[in-house]
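A short worksheet on the structure shown next.
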Amino acid sequence: MNFVCENCGYESSKWLGRCPMCGNWNTFREIKGTVKKEEKKGQLVNLAEIKEREEERIKTEIEEFDRVLGGGLVKGSLILIGGEPGIGKSTLSLQISLALLNKGFKVLYVSSEENPFQIKMRYSRLSSLKTNYEKFYLLFSPDLEEIVLQIEELNPQIVIIDSIQTIEDKKIPSVAGSINQVREATLTLLNLAKRKGLPIIIISHVTKQGLIAGPKVLEHMVDVVLYFEGDINTDYRILRCEKNRFGPANEVGIFEMQESGLQEVKNPNFLFLPHLKEEVFGLAFVPLSEGRRIIVTEIQCLATPTYFSYPQRVVQGFDIRRLSILLSVLDIQADINTGRYDIYLNIAGSLQIKETASDLGIICAVASAIRKSPIKRLTCLLGEVGLLGEIRPVSFVRERVKEVQKLGFNRIIVPKENLPISPLTNGLEIIPVNSLREVFEILNLK
């Protein structure tokens with residue numbers, strides 16, 4: 001007889017009032033009997049005996065989604081899509097199944113959150129063309145065993161689970177959505193996907209911190225982890241790849257939410273550059289590398305005299321701890337005192353900047369806001385800023401410069417260590433710099 005904690009999965013041979021692992025009270029439940037598992041011997045294969053074959057991918061014809069996956073769905077893969085409520089996870093999954101349905105694929109959509117009539121209403125809204133629904137099947141059940149049985153009998157070509165937190169295994173004494181249930185359901189679906197060569201998409205809720213709900217091992221078990229980002233009060237959504245066993249990670253796809261569903265944004269640069277030809281203080285432009293895509297976006301900063309004991313720091317789209325470091329560098333290395341100002345920083349288009357190549361643009365935007373001196377228009381900034389005020393080299397400089405040139409910028413400031421850059425035409429001036437003081441002299445921000 002064993003007892004297991006419903007919250008963290010800790011097992012004990014006797015009942016305990018308080019779990020020694022997670023510290024919660026009254027979470028131990030008795031496991032009635034043991035589950036007999038079929039014994040299977042591992043397969044030992046010599047690497048030289050394995051014949052190479054071309055990777056099989058299923059293209060959904062949703063180009064932004066296919067790009068994020070590295071070219072399409074891989075047979076036998078388990079894909080996890082996470083995001084905040086209302087961000088568009090179910091809408092995207094319905095559009096994926098609709099696209100594959102139009103190509104003749106057999107689709108199974110498993111939902112425990114919406115009944116079949118609600119899903120049919122959403123399909124009718126998303127589909128602008130007449131669609132043959134004969135190969136589309138809906139399963140409204142939270143029972144893991146029944147889901148597996150239906151997949152075995154139906155033999156679909158793609159399965160969508162909405163959502164993994166609602167699936168439960170009756171043999172596990174815990175409620176749906178608990179750590180044990182999510183882990184067991186994901187493991188069962190993973191083994192099923194590998195055995196049948198079946199792509200399975202599972203949708204997951206996120207916590208208040210924006211992380212995938214459930215055990216962290218969930219992200220390690222699946223093949224692909226996708227996050228849906230963006231402000232639900234705006235129309236634009238960003239699908240970001242955090243992990244991909246079959247292609248490059250950190251790739252992004254950009255969508256616009258409309259009444260007819262998610263529409264692809266194939267040229268996002270003009271979306272993130274509404275003030276390209278204006279001279280406004282507190283505004284800087286930076287070419288960001290998002291996977292294989294270069295997105296030139298604007299950084300907006302507002303600096304106002306503070307009326308508090310401690311100056312306010314409000315940031316959207318950037319790490320506030322990284323901003324604190326850059327403000328300290330600005331204080332010491334450029335003699336610009338930020339301690340008397342409230343700093344409000346925003347990255348346009350709901351982008352989330354994670355790379356340090358944007359450091360120079362952020363520092364210059366803050367300095368421009370404090371000095372009330374606009375940066376000369378059609379100027380782009382690129383470089384990582386060190387603690388001593390030095391400008392460090394960054395990656396993919398040629399690709400970034402090429403995109404900046406394509407958008408019609410007049411000049412770009414880059415780290416000197418990234419030179420030489422192949423000569424470019426169309427009048428783009430490339431200005432190499434070594435230190436922050438050199439940049440401020442060029443931009444007249446001293």
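Going through the structure tokens in order, the chains are called A, B, and so on, while each chain numbers its residues from 1 and the ligands are numbered from 1 in the order shown.
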So that I can check the surroundings of segment 233-240 of chain A, please list as an NGL selection string every protein, DNA and RNA residue that reaches within 8 Å of it, counting only C-alpha atoms and ignoring chain neighbours fewer than 5 positions away. :A and (65 or 68 or 87 or 226-228 or 250-258 or 349-351)
Counting only C-alpha atoms, what is within 12 Å of Glu134 of chain A, bar same-chain residues fewer than 2 positions away, as a ChimeraX atom specification? /A:101-102,104-108,131-132,136-138
What's around segment 145-151 of chain A at 8 Å? Count only C-alpha atoms, leave out sequence neighbours fewer than 4 positions away in its own chain, and write the answer as a tab-separated table (two decimals) with N, CA and C atoms, in the first residue's frame.
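Contents of the output file selection_26.tsv:
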chain	number	residue	atom	x	y	z
A	108	LEU	N	-8.25	14.60	-35.58
A	108	LEU	CA	-8.98	14.35	-34.34
A	108	LEU	C	-8.71	15.51	-33.39
A	110	VAL	N	-9.48	16.84	-29.67
A	110	VAL	CA	-9.94	16.44	-28.34
A	110	VAL	C	-10.09	17.68	-27.48
A	139	LEU	N	-13.77	14.82	-30.17
A	139	LEU	CA	-13.92	13.96	-28.99
A	139	LEU	C	-14.00	14.84	-27.77
A	141	SER	N	-13.97	14.47	-24.20
A	141	SER	CA	-13.74	13.56	-23.08
A	141	SER	C	-12.43	13.91	-22.38
A	155	ASN	N	-7.19	6.07	-36.14
A	155	ASN	CA	-5.96	6.28	-36.91
A	155	ASN	C	-5.94	7.63	-37.62
A	156	PRO	N	-6.05	8.73	-36.88
A	156	PRO	CA	-5.99	10.06	-37.51
A	156	PRO	C	-4.58	10.38	-37.95
A	169	ASP	N	-5.97	10.64	-15.87
A	169	ASP	CA	-5.87	9.18	-15.86
A	169	ASP	C	-6.60	8.68	-14.63
A	189	LEU	N	0.93	10.32	-24.20
A	189	LEU	CA	0.79	10.87	-25.55
A	189	LEU	C	2.11	10.88	-26.30
A	192	LEU	N	2.73	7.40	-27.55
A	192	LEU	CA	1.80	7.12	-28.63
A	192	LEU	C	2.24	7.80	-29.93
Determine which residues of segment 49-283 of chain A DSSP labels as alpha helix (DSSP H) from the backbone of this structure, then write them out as an NGL selection string. :A and (63-69 or 89-102 or 116-126 or 144-154 or 179-196 or 217-221)
Each residue of segment 108-210 of chain A lying at most 8 Å from segment 73-78 of chain A should get a row with its shortest atom-to-atom pair and the distance in Å to one decimal, counting only C-alpha atoms; could you produce that, ordered by chain and increasing number, as CSV?
residue,atom,partner,partner_atom,distance
A:Leu189,CA,A:Leu78,CA,7.8
A:Leu190,CA,A:Leu78,CA,6.1
A:Ala193,CA,A:Gly76,CA,4.8
A:Lys194,CA,A:Gly76,CA,4.7
A:Arg195,CA,A:Gly76,CA,7.5
A:Lys196,CA,A:Gly76,CA,6.8
A:Gly197,CA,A:Gly76,CA,3.8
A:Leu198,CA,A:Gly76,CA,4.3
A:Pro199,CA,A:Ser77,CA,4.8
A:Ile200,CA,A:Leu78,CA,5.0
A:Ile201,CA,A:Leu78,CA,6.0
A:Ile202,CA,A:Leu78,CA,7.5
For the residues in the current selection, export N, CA, C and O atoms as a compact mmCIF listing (two decimals), in the first residue's frame.
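Saved as again.txt:
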# COMPACT_ATOMS: atom_id res chain seq x y z
N LEU A 189 0.93 10.32 -24.20
CA LEU A 189 0.79 10.87 -25.55
C LEU A 189 2.11 10.88 -26.30
O LEU A 189 2.15 10.68 -27.52
N LEU A 190 3.22 11.11 -25.58
CA LEU A 190 4.54 11.08 -26.21
C LEU A 190 4.86 9.70 -26.76
O LEU A 190 5.29 9.56 -27.91
N ALA A 193 2.71 9.05 -29.83
CA ALA A 193 3.16 9.78 -31.01
C ALA A 193 4.37 9.11 -31.65
O ALA A 193 4.46 8.98 -32.88
N LYS A 194 5.33 8.66 -30.83
CA LYS A 194 6.53 8.02 -31.36
C LYS A 194 6.22 6.67 -31.98
O LYS A 194 6.77 6.31 -33.03
N ARG A 195 5.33 5.92 -31.33
CA ARG A 195 5.02 4.57 -31.82
C ARG A 195 4.26 4.60 -33.14
O ARG A 195 4.51 3.79 -34.03
N LYS A 196 3.33 5.55 -33.29
CA LYS A 196 2.49 5.58 -34.48
C LYS A 196 2.99 6.58 -35.53
O LYS A 196 2.40 6.67 -36.62
N GLY A 197 4.06 7.34 -35.23
CA GLY A 197 4.52 8.35 -36.17
C GLY A 197 3.48 9.42 -36.39
O GLY A 197 3.28 9.91 -37.51
N LEU A 198 2.82 9.82 -35.31
CA LEU A 198 1.66 10.71 -35.36
C LEU A 198 2.01 12.06 -34.72
O LEU A 198 2.42 12.11 -33.56
N PRO A 199 1.87 13.17 -35.44
CA PRO A 199 2.08 14.48 -34.81
C PRO A 199 0.92 14.84 -33.89
O PRO A 199 -0.25 14.76 -34.30
N ILE A 200 1.23 15.19 -32.65
CA ILE A 200 0.21 15.55 -31.66
C ILE A 200 0.53 16.95 -31.13
O ILE A 200 1.66 17.23 -30.72
N ILE A 201 -0.47 17.82 -31.16
CA ILE A 201 -0.34 19.17 -30.62
C ILE A 201 -1.12 19.23 -29.32
O ILE A 201 -2.31 18.91 -29.30
N ILE A 202 -0.45 19.63 -28.24
CA ILE A 202 -1.14 19.77 -26.96
C ILE A 202 -1.08 21.24 -26.54
O ILE A 202 -0.06 21.89 -26.67
List the neighbours of Ile325 of chain A out to 12 Å using only C-alpha atoms; skip same-chain residues closer than 6 positions along the sequence, and give me the result as a PyMOL selection string. chain A and resi 319+331-333+338+356+359+362-363+385-389
Could you give me, as a ChimeraX atom specification, the residues within 9 Å of Ala185 of chain A, counting only C-alpha atoms and dropping anything in the same chain fewer than 5 positions from it? /A:144,164,167-169,180,190
Write to file, as a CSV table (one decimal), in the first residue's frame, the residues of the selection just made, with C-alpha atoms.
chain,number,residue,atom,x,y,z
A,144,LEU,CA,-6.9,9.6,-21.1
A,164,ILE,CA,-3.5,19.0,-21.3
A,167,ILE,CA,-6.9,15.3,-19.2
A,168,GLU,CA,-6.9,12.8,-16.4
A,169,ASP,CA,-5.9,9.2,-15.9
A,180,ASN,CA,1.0,13.8,-11.6
A,190,LEU,CA,4.5,11.1,-26.2
Can you pull out the residues contacting Gln405 of chain A? Cut-off 10 Å, using only C-alpha atoms, and skip same-chain residues under 2 positions away; I want them as a ChimeraX atom specification. /A:380,399-403,407-412,424-429
Could you write out the selected residues, including C-alpha atoms, as an mmCIF file, in the first residue's frame?
data_model
loop_
_atom_site.group_PDB
_atom_site.id
_atom_site.type_symbol
_atom_site.label_atom_id
_atom_site.label_comp_id
_atom_site.auth_asym_id
_atom_site.auth_seq_id
_atom_site.Cartn_x
_atom_site.Cartn_y
_atom_site.Cartn_z
ATOM 1 C CA CYS A 380 19.838 52.611 -36.358
ATOM 2 C CA GLU A 399 22.008 40.232 -41.956
ATOM 3 C CA ARG A 400 20.982 43.092 -39.671
ATOM 4 C CA VAL A 401 22.732 45.705 -41.813
ATOM 5 C CA LYS A 402 21.109 44.311 -44.954
ATOM 6 C CA GLU A 403 17.624 44.618 -43.407
ATOM 7 C CA LEU A 407 14.092 49.737 -44.955
ATOM 8 C CA GLY A 408 15.767 52.961 -46.085
ATOM 9 C CA PHE A 409 17.869 53.946 -43.049
ATOM 10 C CA ASN A 410 20.655 56.464 -43.699
ATOM 11 C CA ARG A 411 23.189 55.236 -41.147
ATOM 12 C CA ILE A 412 23.814 52.513 -38.592
ATOM 13 C CA LEU A 424 26.820 48.093 -49.335
ATOM 14 C CA THR A 425 25.158 50.479 -51.746
ATOM 15 C CA ASN A 426 22.175 52.817 -51.562
ATOM 16 C CA GLY A 427 24.003 55.302 -49.357
ATOM 17 C CA LEU A 428 23.897 53.495 -45.991
ATOM 18 C CA GLU A 429 26.628 54.890 -43.737
#
May I have all residues of segment 17-188 of chain A that DSSP, computed from the backbone, assigns to strand (DSSP E or B), given as a ChimeraX atom specification? /A:18,25,28-31,57-58,73-74,78-83,107-111,136-139,143,158-162,168
Got a sec: who's within 9 Å of Arg392 of chain A, counting only C-alpha atoms, leaving out chain neighbours fewer than 3 positions off, as a PDB file with N, CA and C atoms, in the first residue's frame?
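Generated output (part-v1.pdb):
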ATOM      1  N   ALA A 357      22.098  42.670 -27.884  1.00  0.00           N
ATOM      2  CA  ALA A 357      22.425  43.534 -29.019  1.00  0.00           C
ATOM      3  C   ALA A 357      21.600  44.817 -29.010  1.00  0.00           C
ATOM      4  N   GLY A 383      24.558  47.105 -30.758  1.00  0.00           N
ATOM      5  CA  GLY A 383      25.734  46.813 -29.958  1.00  0.00           C
ATOM      6  C   GLY A 383      25.384  46.444 -28.526  1.00  0.00           C
ATOM      7  N   GLU A 384      26.194  45.575 -27.960  1.00  0.00           N
ATOM      8  CA  GLU A 384      26.090  45.253 -26.533  1.00  0.00           C
ATOM      9  C   GLU A 384      26.976  46.214 -25.749  1.00  0.00           C
ATOM     10  N   VAL A 385      26.471  46.700 -24.622  1.00  0.00           N
ATOM     11  CA  VAL A 385      27.212  47.666 -23.817  1.00  0.00           C
ATOM     12  C   VAL A 385      27.740  46.977 -22.563  1.00  0.00           C
ATOM     13  N   GLY A 386      29.062  47.057 -22.350  1.00  0.00           N
ATOM     14  CA  GLY A 386      29.682  46.473 -21.168  1.00  0.00           C
ATOM     15  C   GLY A 386      29.641  47.414 -19.981  1.00  0.00           C
ATOM     16  N   PRO A 415      29.362  47.978 -33.507  1.00  0.00           N
ATOM     17  CA  PRO A 415      30.637  47.780 -32.795  1.00  0.00           C
ATOM     18  C   PRO A 415      31.800  47.682 -33.777  1.00  0.00           C
ATOM     19  N   LYS A 416      32.910  48.305 -33.425  1.00  0.00           N
ATOM     20  CA  LYS A 416      34.072  48.309 -34.309  1.00  0.00           C
ATOM     21  C   LYS A 416      34.624  46.909 -34.515  1.00  0.00           C
ATOM     22  N   GLU A 417      34.472  46.045 -33.503  1.00  0.00           N
ATOM     23  CA  GLU A 417      35.006  44.683 -33.588  1.00  0.00           C
ATOM     24  C   GLU A 417      34.240  43.829 -34.593  1.00  0.00           C
ATOM     25  N   ASN A 418      33.057  44.275 -35.018  1.00  0.00           N
ATOM     26  CA  ASN A 418      32.299  43.541 -36.021  1.00  0.00           C
ATOM     27  C   ASN A 418      32.744  43.848 -37.441  1.00  0.00           C
ATOM     28  N   ASN A 434      33.799  52.257 -30.510  1.00  0.00           N
ATOM     29  CA  ASN A 434      34.407  51.433 -29.466  1.00  0.00           C
ATOM     30  C   ASN A 434      33.782  51.649 -28.098  1.00  0.00           C
ATOM     31  N   SER A 435      33.271  52.856 -27.850  1.00  0.00           N
ATOM     32  CA  SER A 435      32.802  53.195 -26.511  1.00  0.00           C
ATOM     33  C   SER A 435      31.509  53.991 -26.567  1.00  0.00           C
TER      34      SER A 435
END
Expressed in Å to a single decimal, how great is the separation between atom CA of Ala249 of chain A and atom CA of Pro393 of chain A? 21.8 Å
In Å to one decimal, how far is atom CA of Thr186 of chain A from atom CA of Leu218 of chain A? 7.1 Å
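Taking atom CA of Glu219 of chain A as the reference point, atom CA of Thr188 of chain A is found at 14.6 Å.
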